[in-house]
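Remarks on the structure that follows.
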Amino acid sequence: MKGIVAYDTYYGNTKTVAEAIAEQIRADGHEVEVRNVREKYPTPPQGDFLFVGGPNRIAHLSRKTKKFVKKLDVAAWKDKPVVVFATIGKLPDEYATEKEKAGVQKWVLAAAPELRDFARGRGLNAVEEVLLVQVKDLKGPLVDGGLELAKEFTHSFLGKLKK
Ligand SMILES: Cc1cc2nc3c(=O)[nH]c(=O)nc-3n(C[C@H](O)[C@H](O)[C@H](O)COP(=O)(O)O)c2cc1C
């Protein structure tokens with residue numbers, strides 16, 4: 001099978017996660033193509049499954065990540081699993097009200113499921129479980145064990161795919 005791993009990134013952390021996902025896809029014996037959602041490609045993404053992810057920016061996955069999902073050819077992808085992944089941190093204080101600071105988890109955790117539900121709303125087959133990898137600081141690096149988490153998640157997802 002062939003997987004597409006599409007990512008957005010500002011500081012490189014989500015790209016690193018995307019590459020770890022791709023490495024695991026290869027390790028599990030599949031083909032993979034990694035795409036940056038900000039770049040133009042001569043052909044639309046084509047594959048048997050898709051990972052799409054971006055950084056959590058103010059409680060939503062980055063706009064370019066959403067745009068990628070918005071532009072995805074539903075007819076071509078509707079029966080293929082789509083997995084949403086995200087890098088997450090802590091909402092910067094300057095963007096948060098006192099109430100939000102207290103409930104920061106909600107802001108951190110809701111963004112990837114929101115994109116998953118958006119994908120479902122478009123008729124795509126978005127997988128329930130999302131992959132979240134934390135960064136230590138706004139610009140990274142990823143938390144220790146973050147890439148291993150991404151690889152384990154990917155391996156487990158591939159194990160559940162019909163051969
Ligand atoms: C303007 C801004 C807003 C952010 N908002 C959130 C947020 O709401 N929730 C969250 O978990 N992380 C937030 N972060 C942290 C980002 O998730 C972090 O920068 C990102 O995961 C890094 O990934 P990248 O290197 O791929 O850009 C924010 C970061 C910035 C710069």
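If you're wondering about the labels, chains in the structure tokens are A, B, ... by order shown, residues count from 1 in each chain, ligands from 1 in order shown.
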task = Please run DSSP on the backbone and report, as a ChimeraX atom specification, all residues within chain A that come out as strand (DSSP E).
result = /A:2-7,31-36,49-57,60-61,81-88,125-126,131-134
task = List the neighbours of range 139-143 of chain A out to 12 Å using only C-alpha atoms; skip same-chain residues closer than 2 positions along the sequence, and give me the result as a ChimeraX atom specification.
result = /A:9-17,55-57,86-90,92,132-137,145-150
ask   = Which polymer residues have any atom within 9 Å of an atom of Leu50 in chain A, counting only C-alpha atoms, with same-chain residues fewer than 2 positions away left out, as a PyMOL selection string?
value = chain A and resi 2-6+45-48+52+77+80-84
Give me a file of those residues, with C-alpha atoms, as a compact mmCIF listing (two decimals), in the first residue's frame.
```txt
# COMPACT_ATOMS: atom_id res chain seq x y z
CA LYS A 2 0.96 3.61 -0.33
CA GLY A 3 0.58 6.27 2.33
CA ILE A 4 0.64 10.03 2.01
CA VAL A 5 1.93 12.05 4.96
CA ALA A 6 0.97 15.71 4.62
CA PRO A 45 -2.12 13.33 -3.47
CA GLN A 46 -2.93 9.72 -4.31
CA GLY A 47 -2.60 6.77 -1.99
CA ASP A 48 -4.35 4.14 0.13
CA VAL A 52 -2.46 14.86 7.72
CA TRP A 77 -10.34 9.52 -0.84
CA LYS A 80 -9.49 5.48 2.47
CA PRO A 81 -8.53 6.10 6.07
CA VAL A 82 -7.44 9.59 7.01
CA VAL A 83 -5.51 10.08 10.24
CA VAL A 84 -5.13 13.51 11.82
```
inquiry  = Excluding Glu114 in chain A and its own-chain neighbours fewer than 3 positions away, which residues fall within 12 Å of it when counting only C-alpha atoms? Please give them as number ranges by chain.
reply    = A: 53, 56, 59-62, 65-66, 69, 84-86, 106-111, 117-121, 126, 128-130
Generate the output file for the selected residues, C-alpha atoms, as a CSV table (one decimal), in the first residue's frame.
```csv
chain,number,residue,atom,x,y,z
A,53,GLY,CA,-1.2,17.1,10.5
A,56,ASN,CA,-1.9,23.6,17.0
A,59,ALA,CA,-6.8,26.0,19.6
A,60,HIS,CA,-7.0,25.1,15.9
A,61,LEU,CA,-4.8,23.2,13.6
A,62,SER,CA,-3.0,25.6,11.3
A,65,THR,CA,-3.6,22.1,7.3
A,66,LYS,CA,-7.4,22.7,7.1
A,69,VAL,CA,-8.3,18.7,3.9
A,84,VAL,CA,-5.1,13.5,11.8
A,85,PHE,CA,-2.0,14.3,13.8
A,86,ALA,CA,-0.9,17.4,15.6
A,106,LYS,CA,-9.4,22.1,26.4
A,107,TRP,CA,-7.6,24.4,24.0
A,108,VAL,CA,-4.7,22.0,23.5
A,109,LEU,CA,-6.7,18.9,22.9
A,110,ALA,CA,-9.6,20.0,20.8
A,111,ALA,CA,-7.8,21.1,17.6
A,117,ASP,CA,-14.7,16.1,12.4
A,118,PHE,CA,-14.3,18.6,9.6
A,119,ALA,CA,-12.9,15.9,7.4
A,120,ARG,CA,-15.8,13.7,8.3
A,121,GLY,CA,-18.2,16.5,7.5
A,126,ALA,CA,-11.3,10.1,9.2
A,128,GLU,CA,-11.4,8.3,15.4
A,129,GLU,CA,-8.1,8.3,17.2
A,130,VAL,CA,-5.8,11.3,16.6
```
ask   = Looking at only C-alpha atoms and all ligand atoms, which of A:His155, A:Arg63, A:Glu31, A:Leu124 is the one that sits closest to ligand 1?
value =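 Among the listed residues, the smallest separation from ligand 1 belongs to A:Arg63.
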query = Which of range 63-142 of chain A counts as alpha helix (DSSP H) under DSSP, as a PyMOL selection string please?
reply = chain A and resi 63-71+74-77+98-102+104-121
Please produce a file of the residues just selected, as a PDB file, in the first residue's frame, where the atoms kept are C-alpha atoms.
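The result, written out as again_8.pdb:
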```pdb
ATOM      1  CA  ARG A  63      -5.137  27.085   8.510  1.00  0.00           C
ATOM      2  CA  LYS A  64      -3.019  25.508   5.781  1.00  0.00           C
ATOM      3  CA  THR A  65      -3.625  22.066   7.272  1.00  0.00           C
ATOM      4  CA  LYS A  66      -7.356  22.653   7.147  1.00  0.00           C
ATOM      5  CA  LYS A  67      -7.077  23.977   3.598  1.00  0.00           C
ATOM      6  CA  PHE A  68      -5.332  20.760   2.557  1.00  0.00           C
ATOM      7  CA  VAL A  69      -8.283  18.743   3.901  1.00  0.00           C
ATOM      8  CA  LYS A  70     -10.728  21.151   2.314  1.00  0.00           C
ATOM      9  CA  LYS A  71      -9.131  20.687  -1.101  1.00  0.00           C
ATOM     10  CA  VAL A  74     -13.433  13.388  -1.675  1.00  0.00           C
ATOM     11  CA  ALA A  75     -14.354  11.058  -4.541  1.00  0.00           C
ATOM     12  CA  ALA A  76     -10.795   9.706  -4.608  1.00  0.00           C
ATOM     13  CA  TRP A  77     -10.343   9.525  -0.839  1.00  0.00           C
ATOM     14  CA  GLU A  98      -7.720  33.993  32.589  1.00  0.00           C
ATOM     15  CA  LYS A  99     -10.495  31.457  32.045  1.00  0.00           C
ATOM     16  CA  GLU A 100      -8.691  29.894  29.127  1.00  0.00           C
ATOM     17  CA  LYS A 101      -5.424  29.709  31.055  1.00  0.00           C
ATOM     18  CA  ALA A 102      -7.223  27.720  33.704  1.00  0.00           C
ATOM     19  CA  VAL A 104      -5.787  25.225  28.798  1.00  0.00           C
ATOM     20  CA  GLN A 105      -6.174  21.492  28.251  1.00  0.00           C
ATOM     21  CA  LYS A 106      -9.372  22.056  26.354  1.00  0.00           C
ATOM     22  CA  TRP A 107      -7.575  24.416  23.972  1.00  0.00           C
ATOM     23  CA  VAL A 108      -4.695  22.043  23.546  1.00  0.00           C
ATOM     24  CA  LEU A 109      -6.688  18.907  22.937  1.00  0.00           C
ATOM     25  CA  ALA A 110      -9.622  20.043  20.827  1.00  0.00           C
ATOM     26  CA  ALA A 111      -7.817  21.113  17.642  1.00  0.00           C
ATOM     27  CA  ALA A 112      -7.003  17.738  16.084  1.00  0.00           C
ATOM     28  CA  PRO A 113     -10.462  16.230  16.746  1.00  0.00           C
ATOM     29  CA  GLU A 114     -11.924  19.388  15.250  1.00  0.00           C
ATOM     30  CA  LEU A 115     -10.042  18.785  11.986  1.00  0.00           C
ATOM     31  CA  ARG A 116     -10.993  15.103  12.088  1.00  0.00           C
ATOM     32  CA  ASP A 117     -14.654  16.103  12.396  1.00  0.00           C
ATOM     33  CA  PHE A 118     -14.256  18.642   9.610  1.00  0.00           C
ATOM     34  CA  ALA A 119     -12.861  15.874   7.399  1.00  0.00           C
ATOM     35  CA  ARG A 120     -15.814  13.663   8.311  1.00  0.00           C
ATOM     36  CA  GLY A 121     -18.163  16.501   7.493  1.00  0.00           C
TER      37      GLY A 121
END
```
ask   = CA of Phe49 in chain A and CA of Glu152 in chain A are how many Å apart?
value = 16.8 Å
query = Pick from A:Ala18, A:Leu138, A:Met1, A:Leu72: nearest to ligand 1, with only C-alpha atoms and all ligand atoms counted?
reply =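 For ligand 1, the nearest of the candidates is A:Leu138.
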Atomic distance CA of Glu19 in chain A - CA of Tyr7 in chain A, expressed in Å with one decimal = 9.5 Å
request  = Kindly give the distance, in Å, that separates CA of Glu94 in chain A and CA of Val37 in chain A, rounded to a single decimal.
outcome  =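 Interatomic distance, CA of Glu94 in chain A to CA of Val37 in chain A: 27.6 Å.
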